[in-house]
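> Next comes the structure file query31.cif, holding mmCIF, C-alpha atoms.
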```
data_upload
#
loop_
_atom_site.group_PDB
_atom_site.id
_atom_site.type_symbol
_atom_site.label_atom_id
_atom_site.label_comp_id
_atom_site.auth_asym_id
_atom_site.auth_seq_id
_atom_site.Cartn_x
_atom_site.Cartn_y
_atom_site.Cartn_z
ATOM 1 C CA MET A 251 28.760 25.222 8.405
ATOM 2 C CA ILE A 252 26.812 27.835 10.344
ATOM 3 C CA GLY A 253 28.197 30.930 12.006
ATOM 4 C CA PRO A 254 27.630 34.632 12.583
ATOM 5 C CA LEU A 255 26.456 36.740 9.647
ATOM 6 C CA ILE A 256 29.276 38.283 7.621
ATOM 7 C CA ALA A 257 28.623 41.340 5.453
ATOM 8 C CA VAL A 258 30.855 41.651 2.383
ATOM 9 C CA THR A 259 31.136 45.059 0.760
ATOM 10 C CA GLY A 260 32.311 45.539 -2.800
ATOM 11 C CA ALA A 261 30.830 42.151 -3.628
ATOM 12 C CA THR A 262 30.866 42.952 -7.353
ATOM 13 C CA GLY A 263 34.563 43.826 -7.272
ATOM 14 C CA ALA A 264 37.839 41.963 -7.667
ATOM 15 C CA VAL A 265 38.466 41.450 -3.942
ATOM 16 C CA GLY A 266 34.966 41.503 -2.450
ATOM 17 C CA GLY A 267 33.565 39.222 -5.140
ATOM 18 C CA ARG A 268 36.249 36.609 -4.592
ATOM 19 C CA VAL A 269 35.793 36.723 -0.822
ATOM 20 C CA ALA A 270 32.009 36.434 -1.168
ATOM 21 C CA ARG A 271 32.317 33.316 -3.337
ATOM 22 C CA ARG A 272 34.762 31.696 -0.929
ATOM 23 C CA LEU A 273 32.585 32.382 2.094
ATOM 24 C CA ALA A 274 29.462 31.125 0.330
ATOM 25 C CA ARG A 275 31.180 27.827 -0.419
ATOM 26 C CA THR A 276 31.761 27.260 3.307
ATOM 27 C CA GLY A 277 28.083 27.664 4.165
ATOM 28 C CA VAL A 278 28.441 30.593 6.555
ATOM 29 C CA PRO A 279 25.671 33.214 6.407
ATOM 30 C CA VAL A 280 26.747 35.998 4.043
ATOM 31 C CA ARG A 281 25.161 39.314 3.153
ATOM 32 C CA LEU A 282 26.363 40.993 -0.020
ATOM 33 C CA LEU A 283 26.562 44.770 -0.284
ATOM 34 C CA GLY A 284 27.021 46.882 -3.375
ATOM 35 C CA ARG A 285 26.039 50.178 -4.897
ATOM 36 C CA ASP A 286 23.907 48.356 -7.465
ATOM 37 C CA PRO A 287 22.156 45.285 -5.975
ATOM 38 C CA ALA A 288 21.219 44.101 -9.472
ATOM 39 C CA ARG A 289 24.903 43.404 -10.144
ATOM 40 C CA LEU A 290 25.482 41.364 -6.987
ATOM 41 C CA PRO A 291 26.365 37.708 -7.647
ATOM 42 C CA ASP A 292 23.767 35.020 -7.003
ATOM 43 C CA LEU A 293 25.496 32.811 -4.435
ATOM 44 C CA PRO A 294 24.012 29.933 -2.435
ATOM 45 C CA GLY A 295 23.062 30.954 1.091
ATOM 46 C CA ALA A 296 23.855 34.636 0.514
ATOM 47 C CA ASP A 297 21.313 37.427 0.750
ATOM 48 C CA HIS A 298 21.493 40.797 -0.965
ATOM 49 C CA ALA A 299 21.340 44.009 1.008
ATOM 50 C CA PRO A 300 19.440 46.941 -0.497
ATOM 51 C CA ALA A 301 21.532 49.537 -2.299
ATOM 52 C CA ALA A 302 23.986 51.058 0.136
ATOM 53 C CA ARG A 303 26.670 53.613 -0.551
ATOM 54 C CA TYR A 304 29.330 54.133 2.094
ATOM 55 C CA GLY A 305 28.487 57.802 2.440
ATOM 56 C CA ASP A 306 24.779 57.144 3.075
ATOM 57 C CA ALA A 307 24.600 56.481 6.816
ATOM 58 C CA GLU A 308 20.937 55.456 6.889
ATOM 59 C CA ALA A 309 21.304 53.039 3.988
ATOM 60 C CA MET A 310 24.409 51.498 5.547
ATOM 61 C CA ARG A 311 22.638 51.008 8.874
ATOM 62 C CA ARG A 312 19.787 49.217 7.098
ATOM 63 C CA ALA A 313 22.177 47.063 5.120
ATOM 64 C CA LEU A 314 24.273 46.078 8.134
ATOM 65 C CA ASP A 315 21.512 45.539 10.691
ATOM 66 C CA GLY A 316 21.931 42.100 12.251
ATOM 67 C CA THR A 317 25.476 41.658 10.958
ATOM 68 C CA HIS A 318 28.218 40.334 13.214
ATOM 69 C CA THR A 319 31.276 40.947 11.015
ATOM 70 C CA LEU A 320 31.869 43.557 8.330
ATOM 71 C CA PHE A 321 34.389 42.929 5.578
ATOM 72 C CA LEU A 322 35.092 46.483 4.466
ATOM 73 C CA VAL A 323 36.698 46.858 1.063
ATOM 74 C CA SER A 324 37.926 50.406 0.555
ATOM 75 C CA ALA A 325 35.775 52.697 -1.556
ATOM 76 C CA HIS A 326 36.785 53.956 -4.972
ATOM 77 C CA GLU A 327 39.418 56.652 -4.736
ATOM 78 C CA SER A 328 37.944 60.111 -4.354
ATOM 79 C CA PRO A 329 38.514 63.260 -2.308
ATOM 80 C CA GLN A 330 35.602 62.124 -0.091
ATOM 81 C CA ARG A 331 36.818 58.564 0.463
ATOM 82 C CA VAL A 332 37.835 58.918 4.117
ATOM 83 C CA ARG A 333 34.523 60.564 4.963
ATOM 84 C CA GLU A 334 32.676 57.760 3.170
ATOM 85 C CA HIS A 335 34.644 55.166 5.113
ATOM 86 C CA THR A 336 34.035 56.795 8.465
ATOM 87 C CA THR A 337 30.298 57.076 7.732
ATOM 88 C CA ALA A 338 30.147 53.363 6.932
ATOM 89 C CA ILE A 339 32.157 52.465 10.034
ATOM 90 C CA ASP A 340 29.954 54.590 12.287
ATOM 91 C CA ALA A 341 26.852 52.998 10.772
ATOM 92 C CA ALA A 342 28.256 49.530 11.474
ATOM 93 C CA VAL A 343 29.002 50.370 15.087
ATOM 94 C CA ALA A 344 25.572 51.960 15.527
ATOM 95 C CA VAL A 345 23.754 48.725 14.592
ATOM 96 C CA GLY A 346 25.970 46.519 16.718
ATOM 97 C CA VAL A 347 28.521 45.104 14.296
ATOM 98 C CA GLU A 348 31.130 43.460 16.510
ATOM 99 C CA ARG A 349 34.041 43.077 14.132
ATOM 100 C CA ILE A 350 35.486 44.910 11.125
ATOM 101 C CA VAL A 351 38.074 43.446 8.758
ATOM 102 C CA TYR A 352 39.324 46.332 6.630
ATOM 103 C CA VAL A 353 41.244 46.101 3.356
ATOM 104 C CA SER A 354 43.982 48.699 3.700
ATOM 105 C CA PHE A 355 47.311 49.260 1.925
ATOM 106 C CA GLN A 356 50.861 48.305 2.811
ATOM 107 C CA GLY A 357 52.774 51.263 4.153
ATOM 108 C CA ALA A 358 49.642 53.101 5.260
ATOM 109 C CA ALA A 359 50.859 56.075 7.276
ATOM 110 C CA PRO A 360 50.014 59.745 7.751
ATOM 111 C CA ASP A 361 53.136 60.693 5.780
ATOM 112 C CA ALA A 362 53.075 57.881 3.204
ATOM 113 C CA THR A 363 54.468 58.816 -0.205
ATOM 114 C CA PHE A 364 51.455 57.253 -1.923
ATOM 115 C CA THR A 365 48.655 59.735 -1.311
ATOM 116 C CA PHE A 366 45.911 57.107 -1.238
ATOM 117 C CA ALA A 367 47.821 55.201 1.476
ATOM 118 C CA ARG A 368 47.241 58.223 3.701
ATOM 119 C CA ASP A 369 43.481 57.705 3.232
ATOM 120 C CA HIS A 370 43.901 54.158 4.461
ATOM 121 C CA TRP A 371 45.790 55.343 7.527
ATOM 122 C CA ASP A 372 43.034 57.807 8.383
ATOM 123 C CA THR A 373 40.446 55.048 7.987
ATOM 124 C CA GLU A 374 42.440 52.704 10.207
ATOM 125 C CA ALA A 375 42.730 55.450 12.815
ATOM 126 C CA HIS A 376 38.961 55.903 12.870
ATOM 127 C CA ILE A 377 38.374 52.166 13.260
ATOM 128 C CA ARG A 378 40.842 52.059 16.142
ATOM 129 C CA THR A 379 38.793 54.666 18.014
ATOM 130 C CA ALA A 380 35.563 52.693 17.583
ATOM 131 C CA GLU A 381 34.458 50.117 20.116
ATOM 132 C CA VAL A 382 34.750 47.233 17.698
ATOM 133 C CA ARG A 383 37.108 44.312 17.154
ATOM 134 C CA HIS A 384 39.194 44.921 14.071
ATOM 135 C CA THR A 385 41.836 43.524 11.743
ATOM 136 C CA PHE A 386 43.644 45.364 8.956
ATOM 137 C CA LEU A 387 44.718 43.600 5.761
ATOM 138 C CA ARG A 388 47.327 45.806 4.110
ATOM 139 C CA ASP A 389 47.673 44.811 0.468
ATOM 140 C CA ASN A 390 50.697 45.587 -1.646
ATOM 141 C CA TRP A 391 50.271 46.514 -5.325
ATOM 142 C CA TYR A 392 48.138 44.063 -7.274
ATOM 143 C CA LEU A 393 50.040 41.762 -9.628
ATOM 144 C CA ALA A 394 47.261 42.341 -12.155
ATOM 145 C CA GLY A 395 48.136 46.024 -12.222
ATOM 146 C CA LEU A 396 51.560 45.478 -13.753
ATOM 147 C CA PRO A 397 50.412 44.215 -17.172
ATOM 148 C CA ALA A 398 47.421 46.575 -17.028
ATOM 149 C CA MET A 399 49.717 49.579 -16.675
ATOM 150 C CA THR A 400 51.930 48.456 -19.535
ATOM 151 C CA GLY A 401 50.925 50.136 -22.778
ATOM 152 C CA THR A 402 50.302 48.438 -26.087
ATOM 153 C CA ASP A 403 53.654 49.931 -27.120
ATOM 154 C CA GLY A 404 55.325 47.552 -24.674
ATOM 155 C CA VAL A 405 56.320 50.280 -22.241
ATOM 156 C CA LEU A 406 55.753 50.367 -18.498
ATOM 157 C CA ARG A 407 56.572 53.894 -17.418
ATOM 158 C CA GLY A 408 56.667 55.770 -14.143
ATOM 159 C CA PRO A 409 58.915 57.276 -11.464
ATOM 160 C CA GLY A 410 59.566 53.969 -9.695
ATOM 161 C CA GLY A 411 63.345 54.068 -10.115
ATOM 162 C CA ASP A 412 65.152 50.932 -9.010
ATOM 163 C CA GLY A 413 62.743 50.371 -6.118
ATOM 164 C CA ARG A 414 61.171 47.006 -5.500
ATOM 165 C CA VAL A 415 57.528 46.039 -5.132
ATOM 166 C CA ALA A 416 56.200 42.888 -3.429
ATOM 167 C CA ALA A 417 53.012 42.794 -5.507
ATOM 168 C CA VAL A 418 50.310 40.293 -4.581
ATOM 169 C CA ALA A 419 47.595 38.365 -6.423
ATOM 170 C CA HIS A 420 43.895 39.062 -5.867
ATOM 171 C CA GLU A 421 43.416 35.335 -5.276
ATOM 172 C CA ASP A 422 45.885 35.344 -2.400
ATOM 173 C CA ILE A 423 44.265 38.397 -0.840
ATOM 174 C CA ALA A 424 40.881 36.708 -1.017
ATOM 175 C CA ASP A 425 42.207 33.473 0.480
ATOM 176 C CA ALA A 426 43.866 35.361 3.339
ATOM 177 C CA ALA A 427 40.809 37.509 3.998
ATOM 178 C CA THR A 428 38.546 34.467 4.038
ATOM 179 C CA ALA A 429 40.794 32.731 6.551
ATOM 180 C CA VAL A 430 40.664 35.755 8.852
ATOM 181 C CA LEU A 431 36.898 36.158 8.492
ATOM 182 C CA LEU A 432 36.230 32.504 9.292
ATOM 183 C CA ASP A 433 38.436 32.554 12.390
ATOM 184 C CA GLU A 434 36.091 33.626 15.167
ATOM 185 C CA GLY A 435 38.831 33.595 17.780
ATOM 186 C CA THR A 436 40.659 36.682 18.971
ATOM 187 C CA ASP A 437 44.044 35.927 17.384
ATOM 188 C CA HIS A 438 43.509 38.532 14.668
ATOM 189 C CA ASP A 439 42.033 41.245 16.878
ATOM 190 C CA GLY A 440 44.058 44.439 16.620
ATOM 191 C CA ARG A 441 46.412 42.803 14.124
ATOM 192 C CA VAL A 442 47.832 44.185 10.895
ATOM 193 C CA HIS A 443 48.565 41.611 8.188
ATOM 194 C CA ASP A 444 50.711 42.799 5.278
ATOM 195 C CA LEU A 445 49.632 40.795 2.226
ATOM 196 C CA THR A 446 52.434 40.508 -0.332
ATOM 197 C CA GLY A 447 53.763 38.237 -2.988
ATOM 198 C CA PRO A 448 56.713 35.896 -2.323
ATOM 199 C CA GLU A 449 59.348 38.308 -3.601
ATOM 200 C CA ALA A 450 60.008 41.958 -4.296
ATOM 201 C CA PHE A 451 61.123 42.906 -7.792
ATOM 202 C CA THR A 452 61.889 46.034 -9.771
ATOM 203 C CA LEU A 453 59.623 47.377 -12.474
ATOM 204 C CA ALA A 454 62.381 46.620 -14.975
ATOM 205 C CA GLU A 455 62.264 42.977 -13.864
ATOM 206 C CA ALA A 456 58.479 42.997 -14.200
ATOM 207 C CA ALA A 457 58.814 44.327 -17.745
ATOM 208 C CA GLY A 458 61.348 41.608 -18.505
ATOM 209 C CA GLU A 459 58.937 38.922 -17.308
ATOM 210 C CA LEU A 460 56.189 40.382 -19.469
ATOM 211 C CA GLY A 461 58.562 40.331 -22.413
ATOM 212 C CA ARG A 462 59.408 36.706 -21.763
ATOM 213 C CA VAL A 463 55.788 35.561 -21.625
ATOM 214 C CA THR A 464 54.632 37.649 -24.602
ATOM 215 C CA GLY A 465 57.673 37.012 -26.770
ATOM 216 C CA ARG A 466 58.079 40.697 -27.597
ATOM 217 C CA PRO A 467 60.201 43.524 -26.207
ATOM 218 C CA VAL A 468 58.689 45.041 -23.065
ATOM 219 C CA VAL A 469 60.664 47.685 -21.198
ATOM 220 C CA TYR A 470 60.407 49.856 -18.143
ATOM 221 C CA VAL A 471 61.025 53.552 -18.757
ATOM 222 C CA PHE A 472 61.934 55.614 -15.720
ATOM 223 C CA GLU A 473 60.195 58.983 -15.592
ATOM 224 C CA THR A 474 60.917 61.982 -13.447
ATOM 225 C CA ARG A 475 57.980 63.367 -11.500
ATOM 226 C CA GLU A 476 57.507 66.090 -14.101
ATOM 227 C CA GLU A 477 57.601 63.579 -16.956
ATOM 228 C CA ALA A 478 55.140 61.315 -15.144
ATOM 229 C CA TYR A 479 52.602 64.093 -14.712
ATOM 230 C CA ALA A 480 53.068 65.166 -18.327
ATOM 231 C CA SER A 481 52.630 61.649 -19.751
ATOM 232 C CA ARG A 482 49.362 61.263 -17.841
ATOM 233 C CA ALA A 483 47.978 64.691 -18.626
ATOM 234 C CA GLY A 484 46.015 63.426 -21.618
ATOM 235 C CA TYR A 485 43.780 61.102 -19.600
ATOM 236 C CA GLY A 486 41.573 63.948 -18.445
ATOM 237 C CA ALA A 487 41.767 62.824 -14.806
ATOM 238 C CA GLU A 488 41.498 65.242 -11.915
ATOM 239 C CA ASP A 489 44.634 66.442 -10.153
ATOM 240 C CA TRP A 490 44.101 64.321 -7.030
ATOM 241 C CA GLU A 491 43.772 61.172 -9.125
ATOM 242 C CA VAL A 492 46.881 61.820 -11.185
ATOM 243 C CA ALA A 493 48.761 62.525 -7.947
ATOM 244 C CA GLY A 494 47.693 59.093 -6.701
ATOM 245 C CA TRP A 495 48.933 57.412 -9.864
ATOM 246 C CA VAL A 496 52.296 59.159 -9.789
ATOM 247 C CA THR A 497 52.943 58.783 -6.065
ATOM 248 C CA SER A 498 52.182 55.057 -6.206
ATOM 249 C CA TYR A 499 55.345 54.707 -8.322
ATOM 250 C CA GLU A 500 57.256 57.096 -6.103
ATOM 251 C CA ALA A 501 56.393 54.925 -3.106
ATOM 252 C CA ILE A 502 58.159 52.066 -4.879
ATOM 253 C CA ALA A 503 61.190 54.248 -5.501
ATOM 254 C CA GLN A 504 61.252 55.150 -1.803
ATOM 255 C CA GLY A 505 61.273 51.479 -0.791
ATOM 256 C CA GLU A 506 57.884 51.645 0.907
ATOM 257 C CA LEU A 507 56.508 48.571 -0.907
ATOM 258 C CA ALA A 508 59.579 46.333 -0.851
ATOM 259 C CA ALA A 509 58.957 44.418 2.381
ATOM 260 C CA VAL A 510 57.954 40.782 1.829
ATOM 261 C CA SER A 511 55.581 39.289 4.391
ATOM 262 C CA ASP A 512 54.807 35.663 5.204
ATOM 263 C CA ALA A 513 51.170 36.515 6.007
ATOM 264 C CA VAL A 514 49.713 34.888 2.873
ATOM 265 C CA PRO A 515 51.287 31.444 3.432
ATOM 266 C CA THR A 516 50.729 31.674 7.187
ATOM 267 C CA LEU A 517 47.041 32.509 6.855
ATOM 268 C CA THR A 518 46.204 30.356 3.846
ATOM 269 C CA GLY A 519 48.511 27.364 4.111
ATOM 270 C CA HIS A 520 49.783 27.790 0.558
ATOM 271 C CA PRO A 521 52.586 29.875 -0.998
ATOM 272 C CA ALA A 522 51.837 33.293 -2.397
ATOM 273 C CA LYS A 523 51.764 33.512 -6.183
ATOM 274 C CA SER A 524 54.797 34.893 -7.972
ATOM 275 C CA PHE A 525 54.458 37.280 -10.915
ATOM 276 C CA ALA A 526 55.534 34.510 -13.306
ATOM 277 C CA GLN A 527 52.888 32.163 -11.914
ATOM 278 C CA PHE A 528 50.238 34.876 -12.102
ATOM 279 C CA LEU A 529 50.988 35.458 -15.789
ATOM 280 C CA VAL A 530 50.768 31.746 -16.571
ATOM 281 C CA GLU A 531 47.373 31.533 -14.876
ATOM 282 C CA ASN A 532 46.025 34.821 -16.274
ATOM 283 C CA PRO A 533 46.921 35.155 -19.972
ATOM 284 C CA ASP A 534 44.089 37.639 -20.492
ATOM 285 C CA SER A 535 45.967 40.106 -18.292
ATOM 286 C CA TYR A 536 48.571 40.693 -20.990
ATOM 287 C CA ARG A 537 46.518 39.935 -24.110
ATOM 288 C CA HIS A 538 46.723 43.595 -25.148
ATOM 289 C CA LEU A 539 50.483 43.151 -25.517
ATOM 290 C CA LEU A 540 50.181 40.294 -27.999
ATOM 291 C CA PRO A 541 49.970 40.785 -31.765
ATOM 292 C CA GLY A 542 46.368 41.594 -32.600
ATOM 293 C CA GLY A 543 45.542 41.826 -28.881
#
```
Could you take the file, read its structure, and then write that structure out as structure tokens?


Amino acid sequence: MIGPLIAVTGATGAVGGRVARRLARTGVPVRLLGRDPARLPDLPGADHAPAARYGDAEAMRRALDGTHTLFLVSAHESPQRVREHTTAIDAAVAVGVERIVYVSFQGAAPDATFTFARDHWDTEAHIRTAEVRHTFLRDNWYLAGLPAMTGTDGVLRGPGGDGRVAAVAHEDIADAATAVLLDEGTDHDGRVHDLTGPEAFTLAEAAGELGRVTGRPVVYVFETREEAYASRAGYGAEDWEVAGWVTSYEAIAQGELAAVSDAVPTLTGHPAKSFAQFLVENPDSYRHLLPGG
């Protein structure tokens, strides 16, 4: 299968790496981008761009020269993230990239409760002003994050209240993204696809599922905002980062991540993974909760 060159950013990461492997299997030309080219996967038919950070306009132009489509995975959270995104987008447009598929976040809005979702909105707004075809993939929380955020004490804590979250698997995001990238028609142009799991559940229900699969008590402890900031104070993170952690739970409490979309099954042709199915397929995700884990 031959087609236009697709550049995949974050090719060493959880989303970009999965998308890169899927594209490589189809035989389409793929260029892999990453901050450290030595860590890029060795995939058949894929070439490696030189080191390119989003905020380095010249390096991004070199890396994207000759590319038709850019799969843009959002940069690591930082106070400069929007500026890094806009620099990368401008570099892509400058060298003639015709299409950008951007990994955003469900509920992205200028007044989103989750502070990092506001970054995604600003990035989307910049892409909309560029003369480039575009599609936004708005992910919900990652299913993998739920066991990861549960402590070895068996407690998942945060100010999520009784809100529901339609968390989604990395595998489903990658399948959906690959389907969009391989579709060279215009059906996805200007579209926003919310990528969610098949159901929305409370954090207490998530804790109960973790307890069932691990065979030990796992509970969700509701925290007030003040308690949430206090319980995270010992991590040594900067204020903006802690605010992102806390407000991600508050977005759940506000109902901003409860909407379930049919985008994953529509785009991929298979059902989205449930949390129970994810845990069955990924026992390493909760190994730290097992005795001796």

> Choose the residue, out of A:Ala427, A:Arg475, A:Thr402, A:Glu381, that has the smallest atom-to-atom separation from Gly440 in chain A; count all atoms listed in the file.

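Result for the nearest residue to Gly440 in chain A: A:Glu381.
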
> Could you work out how far CA of Gly435 in chain A lies from CA of Ala307 in chain A, giving the answer in Å with one decimal?

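Straight-line distance from CA of Ala307 in chain A to CA of Gly435 in chain A works out to 29.1 Å.
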
> Name the closest residue to Pro329 in chain A among the candidates A:Pro467, A:Pro448, A:Gly494, A:Gly543; distances are taken between atoms, counting only C-alpha atoms.

A:Gly494

> Return as a PyMOL selection string the set of residues that the PyMOL selection byres ((chain A and resi 298) around 12) yields on the displayed structure.

chain A and resi 256-262+270+279-297+299-302+312-314

> Enumerate, as a PyMOL selection string, the residues matched when the PyMOL selection byres ((chain A and resi 500) around 8) is run on the file above.

chain A and resi 363-364+409-411+496-499+501-504

> Mind giving me the straight-line distance from CA of Thr373 in chain A to CA of Gly395 in chain A in Å, one decimal?

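Interatomic distance here is 23.4 Å.
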
> Skip His438 in chain A itself and residues of its chain fewer than 2 positions away, then list as number ranges by chain all residues within 12 Å of it, counting all atoms listed in the file.

A: 349-352, 383-387, 426-427, 429-436, 440-443, 513, 517

> Got a sec to resolve the PyMOL selection byres ((chain A and resi 348) around 7) on this structure and send the residues as an MDAnalysis selection string?

chainID A and resid 318:319 346:347 349 382:383

> Please write as a short mmCIF file (atom, residue, chain, number, x, y, z; two decimals) with C-alpha atoms, keeping the file's coordinate frame the list of polymer residues whose atoms come within 12 Å of (47.3, 61.3, -10.6), counting only C-alpha atoms and keeping to the coordinates of the file.


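Once written, result-v5.cif looks like this:
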```
data_model
loop_
_atom_site.label_atom_id
_atom_site.label_comp_id
_atom_site.auth_asym_id
_atom_site.auth_seq_id
_atom_site.Cartn_x
_atom_site.Cartn_y
_atom_site.Cartn_z
CA GLU A 327 39.42 56.65 -4.74
CA SER A 328 37.94 60.11 -4.35
CA PHE A 364 51.46 57.25 -1.92
CA THR A 365 48.66 59.74 -1.31
CA PHE A 366 45.91 57.11 -1.24
CA GLY A 408 56.67 55.77 -14.14
CA ARG A 475 57.98 63.37 -11.50
CA GLU A 476 57.51 66.09 -14.10
CA ALA A 478 55.14 61.32 -15.14
CA TYR A 479 52.60 64.09 -14.71
CA ALA A 480 53.07 65.17 -18.33
CA SER A 481 52.63 61.65 -19.75
CA ARG A 482 49.36 61.26 -17.84
CA ALA A 483 47.98 64.69 -18.63
CA GLY A 484 46.02 63.43 -21.62
CA TYR A 485 43.78 61.10 -19.60
CA GLY A 486 41.57 63.95 -18.44
CA ALA A 487 41.77 62.82 -14.81
CA GLU A 488 41.50 65.24 -11.92
CA ASP A 489 44.63 66.44 -10.15
CA TRP A 490 44.10 64.32 -7.03
CA GLU A 491 43.77 61.17 -9.12
CA VAL A 492 46.88 61.82 -11.18
CA ALA A 493 48.76 62.52 -7.95
CA GLY A 494 47.69 59.09 -6.70
CA TRP A 495 48.93 57.41 -9.86
CA VAL A 496 52.30 59.16 -9.79
CA THR A 497 52.94 58.78 -6.06
CA SER A 498 52.18 55.06 -6.21
CA TYR A 499 55.34 54.71 -8.32
CA GLU A 500 57.26 57.10 -6.10
#
```

> Quick one: pull the distance between CA of Val415 in chain A and CA of Ala508 in chain A, Å, one decimal.

4.8 Å

> Quick one: residues within 12 Å of Trp371 in chain A, all atoms listed in the file counted, chain neighbours fewer than 3 positions away excluded, as a PyMOL selection string?

chain A and resi 324+331-332+335-336+352-362+364-368+374-378+386-388+442

> Selected residues, C-alpha atoms, written as a compact mmCIF listing (two decimals), keeping the file's coordinate frame, please.


```
# COMPACT_ATOMS: atom_id res chain seq x y z
CA SER A 324 37.93 50.41 0.56
CA ARG A 331 36.82 58.56 0.46
CA VAL A 332 37.84 58.92 4.12
CA HIS A 335 34.64 55.17 5.11
CA THR A 336 34.03 56.80 8.46
CA TYR A 352 39.32 46.33 6.63
CA VAL A 353 41.24 46.10 3.36
CA SER A 354 43.98 48.70 3.70
CA PHE A 355 47.31 49.26 1.92
CA GLN A 356 50.86 48.30 2.81
CA GLY A 357 52.77 51.26 4.15
CA ALA A 358 49.64 53.10 5.26
CA ALA A 359 50.86 56.08 7.28
CA PRO A 360 50.01 59.74 7.75
CA ASP A 361 53.14 60.69 5.78
CA ALA A 362 53.08 57.88 3.20
CA PHE A 364 51.46 57.25 -1.92
CA THR A 365 48.66 59.74 -1.31
CA PHE A 366 45.91 57.11 -1.24
CA ALA A 367 47.82 55.20 1.48
CA ARG A 368 47.24 58.22 3.70
CA GLU A 374 42.44 52.70 10.21
CA ALA A 375 42.73 55.45 12.82
CA HIS A 376 38.96 55.90 12.87
CA ILE A 377 38.37 52.17 13.26
CA ARG A 378 40.84 52.06 16.14
CA PHE A 386 43.64 45.36 8.96
CA LEU A 387 44.72 43.60 5.76
CA ARG A 388 47.33 45.81 4.11
CA VAL A 442 47.83 44.18 10.90
```

> Determine the nearest neighbour of Ala338 in chain A from the options A:Gly305, A:Gly263, A:Gly253, A:Pro515, counting all atoms listed in the file.

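Using all atoms listed in the file, the shortest distance to Ala338 in chain A belongs to A:Gly305.
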
> Taking every listed atom of range 280-288 of chain A and adding 8 Å to each side, what centre and edge lengths in Å (one decimal) does the axis-aligned box have, as JSON?


```
{"center_x": 24.1, "center_y": 43.1, "center_z": -2.7, "size_x": 21.8, "size_y": 30.2, "size_z": 29.5}
```

> A:Leu320, A:Met310, A:Ala457, A:Val468: which is nearest Glu334 in chain A, counting only C-alpha atoms?

A:Met310

> Of the candidates A:Val405, A:Leu396, A:Val514, A:Arg466, which shows the shortest atom-to-atom distance to Ala526 in chain A, using only C-alpha atoms?

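For Ala526 in chain A, the nearest of the given residues is A:Leu396.
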